[in-house]
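Chemist: One file: model.txt (compact mmCIF, C-alpha atoms).
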# COMPACT_ATOMS: atom_id res chain seq x y z
CA MET C 1 -37.14 6.95 -53.38
CA SER C 2 -38.80 9.11 -56.00
CA VAL C 3 -39.72 12.09 -53.87
CA ARG C 4 -37.84 14.83 -52.05
CA ILE C 5 -39.38 16.35 -48.94
CA ARG C 6 -37.85 19.58 -47.68
CA ASN C 7 -38.73 21.45 -44.54
CA THR C 8 -38.49 25.20 -45.22
CA ARG C 9 -39.85 28.39 -43.69
CA ASP C 10 -41.43 31.51 -45.05
CA PHE C 11 -43.54 34.40 -43.74
CA SER C 12 -46.45 32.04 -43.05
CA GLY C 13 -44.43 29.57 -41.03
CA THR C 14 -43.21 26.10 -41.90
CA VAL C 15 -43.54 24.95 -45.49
CA LEU C 16 -43.03 21.34 -46.49
CA ARG C 17 -41.98 21.12 -50.12
CA VAL C 18 -42.89 17.79 -51.71
CA ASP C 19 -41.12 17.35 -55.06
CA GLY C 20 -41.18 14.46 -57.51
CA TYR C 21 -43.44 11.42 -57.42
CA LEU C 22 -45.12 10.57 -54.12
CA THR C 23 -45.55 6.81 -53.69
CA ALA C 24 -46.58 4.39 -50.96
CA GLU C 25 -42.98 4.01 -49.84
CA ASP C 26 -42.69 7.75 -49.18
CA VAL C 27 -45.83 8.36 -47.13
CA ASP C 28 -44.30 7.41 -43.78
CA GLU C 29 -41.59 9.99 -44.28
CA LEU C 30 -44.11 12.67 -45.24
CA ASP C 31 -46.29 11.80 -42.24
CA ARG C 32 -43.25 12.02 -39.96
CA GLU C 33 -42.15 15.35 -41.38
CA TYR C 34 -45.64 16.80 -41.07
CA CYS C 35 -46.07 15.59 -37.50
CA SER C 36 -42.69 17.04 -36.52
CA VAL C 37 -43.85 20.51 -37.54
CA GLN C 38 -45.10 22.74 -34.75
CA GLY C 39 -48.28 24.67 -35.56
CA ALA C 40 -50.03 25.21 -38.87
CA SER C 41 -48.07 24.12 -41.90
CA VAL C 42 -48.18 24.43 -45.65
CA LEU C 43 -47.57 21.72 -48.24
CA ASP C 44 -45.95 23.23 -51.31
CA LEU C 45 -46.70 20.90 -54.23
CA THR C 46 -45.32 23.12 -56.98
CA ASP C 47 -42.85 20.46 -58.12
CA LEU C 48 -44.92 17.39 -57.31
CA GLN C 49 -45.37 15.61 -60.63
CA SER C 50 -47.74 12.88 -59.56
CA ALA C 51 -48.65 10.44 -56.80
CA ASP C 52 -49.91 6.91 -56.55
CA ALA C 53 -53.08 6.01 -54.67
CA GLU C 54 -51.31 5.79 -51.30
CA GLY C 55 -49.57 9.08 -51.90
CA VAL C 56 -52.87 10.76 -52.72
CA ARG C 57 -54.51 9.31 -49.61
CA CYS C 58 -51.62 10.63 -47.51
CA LEU C 59 -52.02 14.14 -48.93
CA GLN C 60 -55.77 14.03 -48.34
CA ARG C 61 -55.20 12.91 -44.77
CA LEU C 62 -52.85 15.82 -44.16
CA ILE C 63 -55.35 18.23 -45.71
CA SER C 64 -58.02 16.91 -43.37
CA LEU C 65 -55.62 17.58 -40.51
CA GLY C 66 -55.41 21.20 -41.58
CA ALA C 67 -52.53 21.32 -44.03
CA GLU C 68 -52.78 24.15 -46.54
CA ILE C 69 -51.97 23.18 -50.13
CA ARG C 70 -49.91 25.60 -52.16
CA GLY C 71 -48.81 25.53 -55.80
CA SER C 72 -50.42 22.31 -56.96
CA SER C 73 -50.72 21.82 -60.72
CA HIS C 74 -54.07 21.25 -62.40
CA TYR C 75 -53.20 17.57 -62.59
CA ILE C 76 -52.46 17.24 -58.87
CA ALA C 77 -55.67 19.11 -58.11
CA LEU C 78 -57.61 16.64 -60.26
CA LEU C 79 -55.83 13.76 -58.58
CA LEU C 80 -56.78 14.97 -55.11
CA GLU C 81 -60.34 15.61 -56.27
CA ASP C 82 -60.80 12.26 -58.08
CA GLU C 83 -59.57 10.06 -55.29
CA ARG C 84 -61.99 11.52 -52.75
CA MET H 1 -48.85 -26.33 -58.91
CA PRO H 2 -46.66 -23.37 -57.87
CA LEU H 3 -46.21 -20.73 -60.52
CA PRO H 4 -44.11 -20.48 -62.54
CA PRO H 5 -43.78 -24.29 -62.73
CA ARG H 6 -40.45 -26.10 -62.92
CA MET H 7 -41.05 -28.45 -65.83
CA PRO H 8 -38.27 -29.63 -68.15
CA GLN H 9 -40.46 -29.27 -71.24
CA MET H 10 -41.34 -25.66 -70.35
CA GLN H 11 -39.35 -22.55 -71.22
CA HIS H 12 -40.00 -19.20 -69.59
CA VAL H 13 -40.17 -15.78 -71.23
CA VAL H 14 -39.94 -12.30 -69.70
CA ILE H 15 -40.52 -8.90 -71.31
CA ASN H 16 -37.63 -6.96 -69.77
CA THR H 17 -34.35 -7.47 -67.95
CA GLN H 18 -35.79 -6.29 -64.66
CA ALA H 19 -38.47 -9.00 -64.84
CA GLY H 20 -35.76 -11.49 -65.83
CA GLU H 21 -33.65 -10.66 -62.78
CA GLU H 22 -36.71 -10.95 -60.53
CA PHE H 23 -37.72 -14.21 -62.16
CA GLY H 24 -34.24 -15.65 -61.65
CA ARG H 25 -34.10 -14.45 -58.03
CA ARG H 26 -37.47 -16.01 -57.20
CA THR H 27 -37.19 -19.28 -59.09
CA GLY H 28 -33.55 -19.93 -59.95
CA LEU H 29 -34.75 -20.87 -63.43
CA PRO H 30 -33.42 -19.55 -66.73
CA CYS H 31 -35.61 -17.44 -68.97
CA HIS H 32 -35.59 -15.83 -72.39
CA LEU H 33 -35.96 -12.10 -72.95
CA VAL H 34 -38.56 -11.11 -75.57
CA PRO H 35 -38.98 -7.31 -75.34
CA ASN H 36 -42.56 -6.15 -75.85
CA VAL H 37 -41.48 -2.97 -77.62
CA MET H 38 -40.76 -1.88 -81.17
CA ASP H 39 -37.34 -2.46 -82.67
CA PHE H 40 -36.18 1.15 -82.64
CA ASP H 41 -32.96 0.28 -84.44
CA LYS H 42 -35.00 -0.19 -87.61
CA ALA H 43 -36.82 2.70 -89.23
CA PRO H 44 -40.52 2.00 -89.83
CA LYS H 45 -41.63 1.30 -93.36
CA PRO H 46 -43.54 4.16 -95.00
CA PRO H 47 -47.35 3.93 -94.94
CA ASP H 48 -48.69 1.51 -97.54
CA GLU H 49 -51.97 1.67 -99.43
CA TYR H 50 -53.95 0.17 -96.55
CA SER H 51 -52.83 2.65 -93.90
CA ARG H 52 -52.64 5.69 -96.13
CA ASP H 53 -56.00 6.97 -94.81
CA PHE H 54 -55.17 6.38 -91.12
CA ARG H 55 -55.09 10.06 -90.20
CA GLU H 56 -58.32 10.79 -91.99
CA SER H 57 -60.03 7.76 -90.41
CA ILE H 58 -59.26 8.85 -86.86
CA GLY H 59 -60.36 12.41 -87.56
CA LEU H 60 -57.05 14.19 -88.14
CA GLU H 61 -56.22 16.78 -90.78
CA SER H 62 -53.41 16.05 -93.21
CA ASP H 63 -51.21 18.80 -91.75
CA ASP H 64 -51.76 17.79 -88.13
CA ILE H 65 -48.67 16.88 -86.14
CA VAL H 66 -49.26 13.45 -84.63
CA ILE H 67 -47.83 13.04 -81.13
CA LEU H 68 -48.27 9.31 -80.60
CA GLN H 69 -48.73 7.77 -77.16
CA PRO H 70 -48.68 4.04 -78.06
CA THR H 71 -49.80 2.70 -74.69
CA ARG H 72 -52.81 1.81 -72.62
CA VAL H 73 -54.34 4.58 -70.51
CA VAL H 74 -53.01 3.54 -67.10
CA PRO H 75 -51.35 5.73 -64.44
CA ARG H 76 -47.83 4.30 -64.76
CA LYS H 77 -47.70 5.49 -68.39
CA GLY H 78 -47.65 9.10 -67.19
CA ILE H 79 -49.88 10.40 -69.97
CA GLU H 80 -50.37 13.64 -68.06
CA HIS H 81 -46.77 14.48 -68.97
CA ALA H 82 -47.48 13.90 -72.67
CA ILE H 83 -50.39 16.33 -72.36
CA GLU H 84 -48.10 18.89 -70.73
CA LEU H 85 -45.58 18.43 -73.53
CA VAL H 86 -48.19 19.02 -76.23
CA GLN H 87 -49.49 22.07 -74.39
CA GLN H 88 -45.99 23.53 -74.23
CA LEU H 89 -45.44 22.93 -77.94
CA ASN H 90 -48.20 25.51 -78.36
CA ASP H 91 -49.05 24.54 -81.93
CA ARG H 92 -52.69 24.01 -82.81
CA ARG H 93 -51.69 21.27 -85.27
CA CYS H 94 -50.29 19.07 -82.49
CA LYS H 95 -52.70 16.26 -81.59
CA LEU H 96 -52.02 13.62 -78.98
CA VAL H 97 -53.09 10.20 -80.28
CA ILE H 98 -53.44 7.43 -77.69
CA THR H 99 -53.60 3.97 -79.20
CA HIS H 100 -55.10 1.82 -76.46
CA CYS H 101 -57.88 1.92 -73.88
CA SER H 102 -57.64 1.47 -70.12
CA GLY H 103 -58.11 -2.28 -70.22
CA ASP H 104 -58.81 -4.06 -66.97
CA GLU H 105 -57.38 -1.39 -64.66
CA GLY H 106 -60.51 0.78 -64.45
CA ASP H 107 -61.31 4.04 -66.18
CA ALA H 108 -60.72 6.58 -63.38
CA TYR H 109 -57.34 7.54 -64.85
CA ALA H 110 -58.78 7.83 -68.37
CA ARG H 111 -61.50 10.17 -67.07
CA ARG H 112 -58.86 12.27 -65.30
CA ILE H 113 -56.73 12.39 -68.45
CA ARG H 114 -59.71 13.56 -70.51
CA ARG H 115 -60.48 16.32 -67.99
CA TYR H 116 -56.82 17.32 -67.76
CA ALA H 117 -56.56 17.56 -71.55
CA GLU H 118 -59.66 19.78 -71.60
CA ILE H 119 -58.23 22.04 -68.90
CA MET H 120 -54.90 22.26 -70.71
CA GLY H 121 -56.56 22.82 -74.11
CA VAL H 122 -54.81 19.83 -75.64
CA PRO H 123 -56.65 17.89 -78.37
CA VAL H 124 -56.50 14.16 -77.68
CA VAL H 125 -57.65 11.39 -79.98
CA PHE H 126 -58.47 8.17 -78.17
CA ALA H 127 -57.85 5.88 -81.14
CA ASP H 128 -58.45 2.49 -79.56
CA GLU H 129 -61.62 1.91 -81.55
CA TRP H 130 -59.56 2.02 -84.75
CA ILE H 131 -56.52 0.06 -83.57
CA PHE H 132 -56.44 -3.71 -83.21
CA HIS H 133 -53.96 -6.57 -83.24
CA GLU H 134 -54.46 -7.11 -86.96
CA ARG H 135 -55.68 -5.09 -89.89
CA GLU H 136 -59.30 -5.89 -90.52
CA THR H 137 -62.68 -4.44 -91.33
CA GLY H 138 -65.04 -4.24 -88.37
CA PRO H 139 -68.68 -5.30 -88.39
CA ASP H 140 -69.57 -1.64 -88.92
CA GLY H 141 -67.56 -1.66 -92.16
CA ARG H 142 -64.82 0.58 -90.76
CA LYS H 143 -61.17 -0.22 -91.32
CA ARG H 144 -59.10 -1.20 -88.34
CA TYR H 145 -55.41 -0.52 -88.17
CA THR H 146 -52.46 -1.81 -86.14
CA VAL H 147 -50.07 -0.02 -83.80
CA GLN H 148 -47.47 -0.29 -86.54
CA ASP H 149 -49.77 1.70 -88.82
CA ALA H 150 -50.03 4.37 -86.12
CA TYR H 151 -46.22 4.51 -85.81
CA GLN H 152 -45.92 5.06 -89.55
CA HIS H 153 -48.04 8.18 -89.25
CA ALA H 154 -46.44 9.50 -86.07
CA ASP H 155 -44.34 12.66 -86.09
CA PHE H 156 -43.27 12.21 -82.48
CA VAL H 157 -43.64 9.34 -79.99
CA THR H 158 -44.07 9.83 -76.24
CA TYR H 159 -43.25 7.31 -73.52
CA PRO H 160 -43.29 9.38 -70.31
CA SER H 161 -43.58 6.28 -68.17
CA SER H 162 -43.17 6.55 -64.41
CA TYR H 163 -42.00 2.93 -64.36
CA TYR H 164 -38.37 2.31 -65.24
CA SER H 165 -37.32 -0.84 -67.02
CA GLU H 166 -34.07 -1.59 -68.84
CA HIS H 167 -34.88 -3.68 -71.90
Written as structure tokens, how would this file's structure read?

Modeler:
Amino acid sequence: MSVRIRNTRDFSGTVLRVDGYLTAEDVDELDREYCSVQGASVLDLTDLQSADAEGVRCLQRLISLGAEIRGSSHYIALLLEDER
Amino acid sequence: MPLPPRMPQMQHVVINTQAGEEFGRRTGLPCHLVPNVMDFDKAPKPPDEYSRDFRESIGLESDDIVILQPTRVVPRKGIEHAIELVQQLNDRRCKLVITHCSGDEGDAYARRIRRYAEIMGVPVVFADEWIFHERETGPDGRKRYTVQDAYQHADFVTYPSSYYSEH
């Protein structure tokens, strides 16, 4: 396991913090966490260093479901853009 | 024939202990470890006459600080972290020199790395057109160097791999 997923809250509601390196073996957990959240949610990627192809696809899927991305680095932004 | 084959006249070689353990688990056969890395217990020899112009050949200034990334440009090498390191060094003399190309794994990552370096304002030299297995002169008359030559000119070496292996 190379990623840490934390369910936190702030003024905007539930925030899922995804830290580390998101790989294929972590996407089920992220999907589960996201689906367990009631209402709109935010993915905070401030401390996400990178992701493999499956991890990127998972993030894109969650974005298409309405997840708001917060704090992604330039590299993560490029990664999400390139894999589209 | 199943691979790797069980033949008495054949010996097997792996490049790291992790691969050796996996090989043994899958086959039950012995293998020899031949690490595909530099011998870091020995200091590199100083540049000789042949490699003395390496920096100039790849477009560097004599006072540039060479941050060497001696790998192919593939995602598991984590080159984005080397770019972040150079950016944080915040010294215009620091140049990231990458020795190899993408190879057979596609060039999407290399394109992303180029764009990321531009965004971060980090100068990167993709030196694969100057670096080969052996010293030689190319058909265009240009000298070609080896990875060892690049090491001799390096001020700092980065290996921010996302893949862990115990050699």

Chemist: Considering only C-alpha atoms, extract the chain H residues located within 9 Å of chain C and return them as a list in words.

Modeler: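 The selection requested is Pro75, Arg76, Gly78, Glu80, His81, Ala108, Tyr109, Arg112, Ile113, Arg115, Tyr116, Ile119, Met120 and Ser162 of chain H.
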
Chemist: Could you check the closest approach to C:Val37 for each of C:Thr8, C:Thr23, C:Ser73, C:Thr14 and tell me which residue wins, using only C-alpha atoms?

Modeler: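 When distances to C:Val37 are compared using only C-alpha atoms, the smallest one comes from C:Thr14.
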
Chemist: In Å to one decimal, how far is atom CA of H:Pro70 from atom CA of H:Tyr145?

Modeler: 13.0 Å

Chemist: Looking at only C-alpha atoms, which of C:Leu65, C:Gly13, C:Ser72, C:Gln60 is the one that sits closest to C:Val42?

Modeler: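 Once distances to C:Val42 are computed over only C-alpha atoms, the minimum belongs to C:Gly13.
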
Chemist: Between H:His100, H:His12, H:Arg142, H:His133, which has the minimum distance to H:Val74 (counting all atoms listed in the file)?

Modeler: H:His100

Chemist: Separation of atom CA of C:Asp10 and atom CA of C:Glu68, in Å?

Modeler: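 That distance, rounded to one decimal, is 13.6 Å.
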
Chemist: Enclose the full set of atoms of stretch 123-136 of chain H listed in the file within a box whose edges lie along x, y and z, apply 4 Å of padding to each of the six sides, and report centre and edge lengths in Å to one decimal as lines of an AutoDock Vina configuration file.

Modeler:
center_x = -57.8
center_y = 5.4
center_z = -84.1
size_x = 15.7
size_y = 33.0
size_z = 20.8

Chemist: Can you work out the spacing between atom CA of H:Pro44 and atom CA of H:Val13 in Å, to one decimal?

Modeler: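 Computed distance, atom CA of H:Pro44 to atom CA of H:Val13, equals 25.7 Å.
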
Chemist: From the list H:Val157, H:Asp64, H:Glu134, H:Val73, which residue is nearest H:Gly106 when using only C-alpha atoms?

Modeler: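 Going through H:Val157, H:Asp64, H:Glu134, H:Val73 one by one, the smallest distance to H:Gly106 is for H:Val73.
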
Chemist: Skipping near chain neighbours, those fewer than 6 positions away, what residues fall within 9 Å of C:Ile5 using all atoms listed in the file, listed as a PyMOL selection string?

Modeler: chain C and resi 16-20+29-30+33

Chemist: Name the closest residue to H:Asp91 among the candidates H:Asn36, H:Asp63, H:Thr71, H:Ile79; distances are taken between atoms, counting all atoms listed in the file.

Modeler: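 Closest candidate: H:Asp63.
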
Chemist: Considering all atoms listed in the file, return as JSON, numbers by chain whatever protein or nucleic-acid residues lie within 8 Å of H:Arg72, sequence-local ones (same chain, fewer than 3 positions apart) excluded.

Modeler: {"H": [77, 98, 99, 100, 101, 102, 103]}

Chemist: Skip H:Tyr151 itself and residues of its chain fewer than 3 positions away, then list as number ranges by chain all residues within 12 Å of it, counting all atoms listed in the file.

Modeler: H: 38-40, 43-47, 51, 54-55, 66-71, 97-99, 131, 145-148, 154-158

Chemist: For C:Ala67, work out the shell of residues within 12 Å, counting all atoms listed in the file and skipping chain neighbours fewer than 4 positions away, then give it as a VMD selection string.

Modeler: chain C and resid 13 to 16 31 34 to 35 37 to 45 58 to 63

Chemist: Contacts of H:Arg144 at 7 Å or less, counting only C-alpha atoms, minus same-chain residues fewer than 2 places along, as a PyMOL selection string?

Modeler: chain H and resi 130-132+135-138+142

Chemist: I need chain C written out with C-alpha atoms, as a compact mmCIF listing (two decimals), in the first residue's frame; please produce it.

Modeler:
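What follows is the written file decode31.txt:
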# COMPACT_ATOMS: atom_id res chain seq x y z
CA MET C 1 0.00 0.00 0.00
CA SER C 2 1.61 3.23 -1.15
CA VAL C 3 -1.27 5.60 -0.56
CA ARG C 4 -3.11 6.97 2.45
CA ILE C 5 -6.75 7.94 2.09
CA ARG C 6 -8.26 10.03 4.87
CA ASN C 7 -11.84 11.10 5.24
CA THR C 8 -11.94 14.61 6.73
CA ARG C 9 -14.41 17.48 6.89
CA ASP C 10 -14.18 21.20 6.37
CA PHE C 11 -16.56 24.10 5.70
CA SER C 12 -17.42 22.67 2.28
CA GLY C 13 -18.30 19.22 3.54
CA THR C 14 -16.45 15.95 3.26
CA VAL C 15 -12.89 16.04 1.97
CA LEU C 16 -11.04 12.89 0.95
CA ARG C 17 -7.30 13.41 1.26
CA VAL C 18 -5.32 11.14 -1.04
CA ASP C 19 -1.62 11.14 -0.10
CA GLY C 20 1.30 9.25 -1.61
CA TYR C 21 1.31 7.17 -4.77
CA LEU C 22 -2.05 5.98 -6.11
CA THR C 23 -1.75 2.60 -7.81
CA ALA C 24 -4.07 -0.06 -9.21
CA GLU C 25 -4.16 -1.85 -5.88
CA ASP C 26 -5.51 1.26 -4.13
CA VAL C 27 -8.35 2.20 -6.48
CA ASP C 28 -10.94 -0.10 -4.90
CA GLU C 29 -10.35 1.54 -1.54
CA LEU C 30 -10.63 5.02 -3.02
CA ASP C 31 -13.82 4.06 -4.87
CA ARG C 32 -15.27 2.65 -1.64
CA GLU C 33 -14.37 5.74 0.36
CA TYR C 34 -15.83 8.05 -2.25
CA CYS C 35 -19.06 6.06 -2.53
CA SER C 36 -19.46 6.04 1.25
CA VAL C 37 -19.53 9.84 1.31
CA GLN C 38 -22.95 11.45 1.41
CA GLY C 39 -23.38 14.42 -0.92
CA ALA C 40 -20.80 16.40 -2.85
CA SER C 41 -17.22 15.68 -1.93
CA VAL C 42 -13.77 17.06 -2.51
CA LEU C 43 -10.59 15.16 -3.35
CA ASP C 44 -7.61 16.91 -1.79
CA LEU C 45 -4.54 15.87 -3.79
CA THR C 46 -2.07 18.24 -2.15
CA ASP C 47 0.18 15.38 -1.03
CA LEU C 48 -0.44 13.01 -3.92
CA GLN C 49 2.97 12.49 -5.51
CA SER C 50 1.96 10.46 -8.52
CA ALA C 51 -0.35 7.74 -9.81
CA ASP C 52 -0.15 4.86 -12.22
CA ALA C 53 -2.52 4.51 -15.17
CA GLU C 54 -5.22 2.78 -13.10
CA GLY C 55 -4.93 5.40 -10.39
CA VAL C 56 -5.33 8.18 -12.93
CA ARG C 57 -8.36 6.49 -14.47
CA CYS C 58 -9.91 6.18 -11.01
CA LEU C 59 -9.42 9.89 -10.32
CA GLN C 60 -10.88 10.80 -13.70
CA ARG C 61 -13.88 8.58 -13.03
CA LEU C 62 -14.49 10.31 -9.71
CA ILE C 63 -14.16 13.71 -11.36
CA SER C 64 -16.75 12.68 -13.93
CA LEU C 65 -19.00 11.71 -11.03
CA GLY C 66 -18.72 15.24 -9.68
CA ALA C 67 -15.71 15.15 -7.38
CA GLU C 68 -14.00 18.51 -6.97
CA ILE C 69 -10.21 18.40 -7.14
CA ARG C 70 -8.30 20.53 -4.69
CA GLY C 71 -4.57 21.17 -4.27
CA SER C 72 -3.18 19.09 -7.11
CA SER C 73 0.40 19.82 -8.16
CA HIS C 74 1.28 20.83 -11.70
CA TYR C 75 2.46 17.28 -12.28
CA ILE C 76 -0.80 15.68 -11.14
CA ALA C 77 -2.71 18.17 -13.28
CA LEU C 78 -0.63 17.15 -16.30
CA LEU C 79 -1.16 13.50 -15.47
CA LEU C 80 -4.93 13.90 -15.35
CA GLU C 81 -4.85 15.92 -18.56
CA ASP C 82 -2.54 13.56 -20.49
CA GLU C 83 -4.40 10.38 -19.73
CA ARG C 84 -7.71 11.73 -21.02
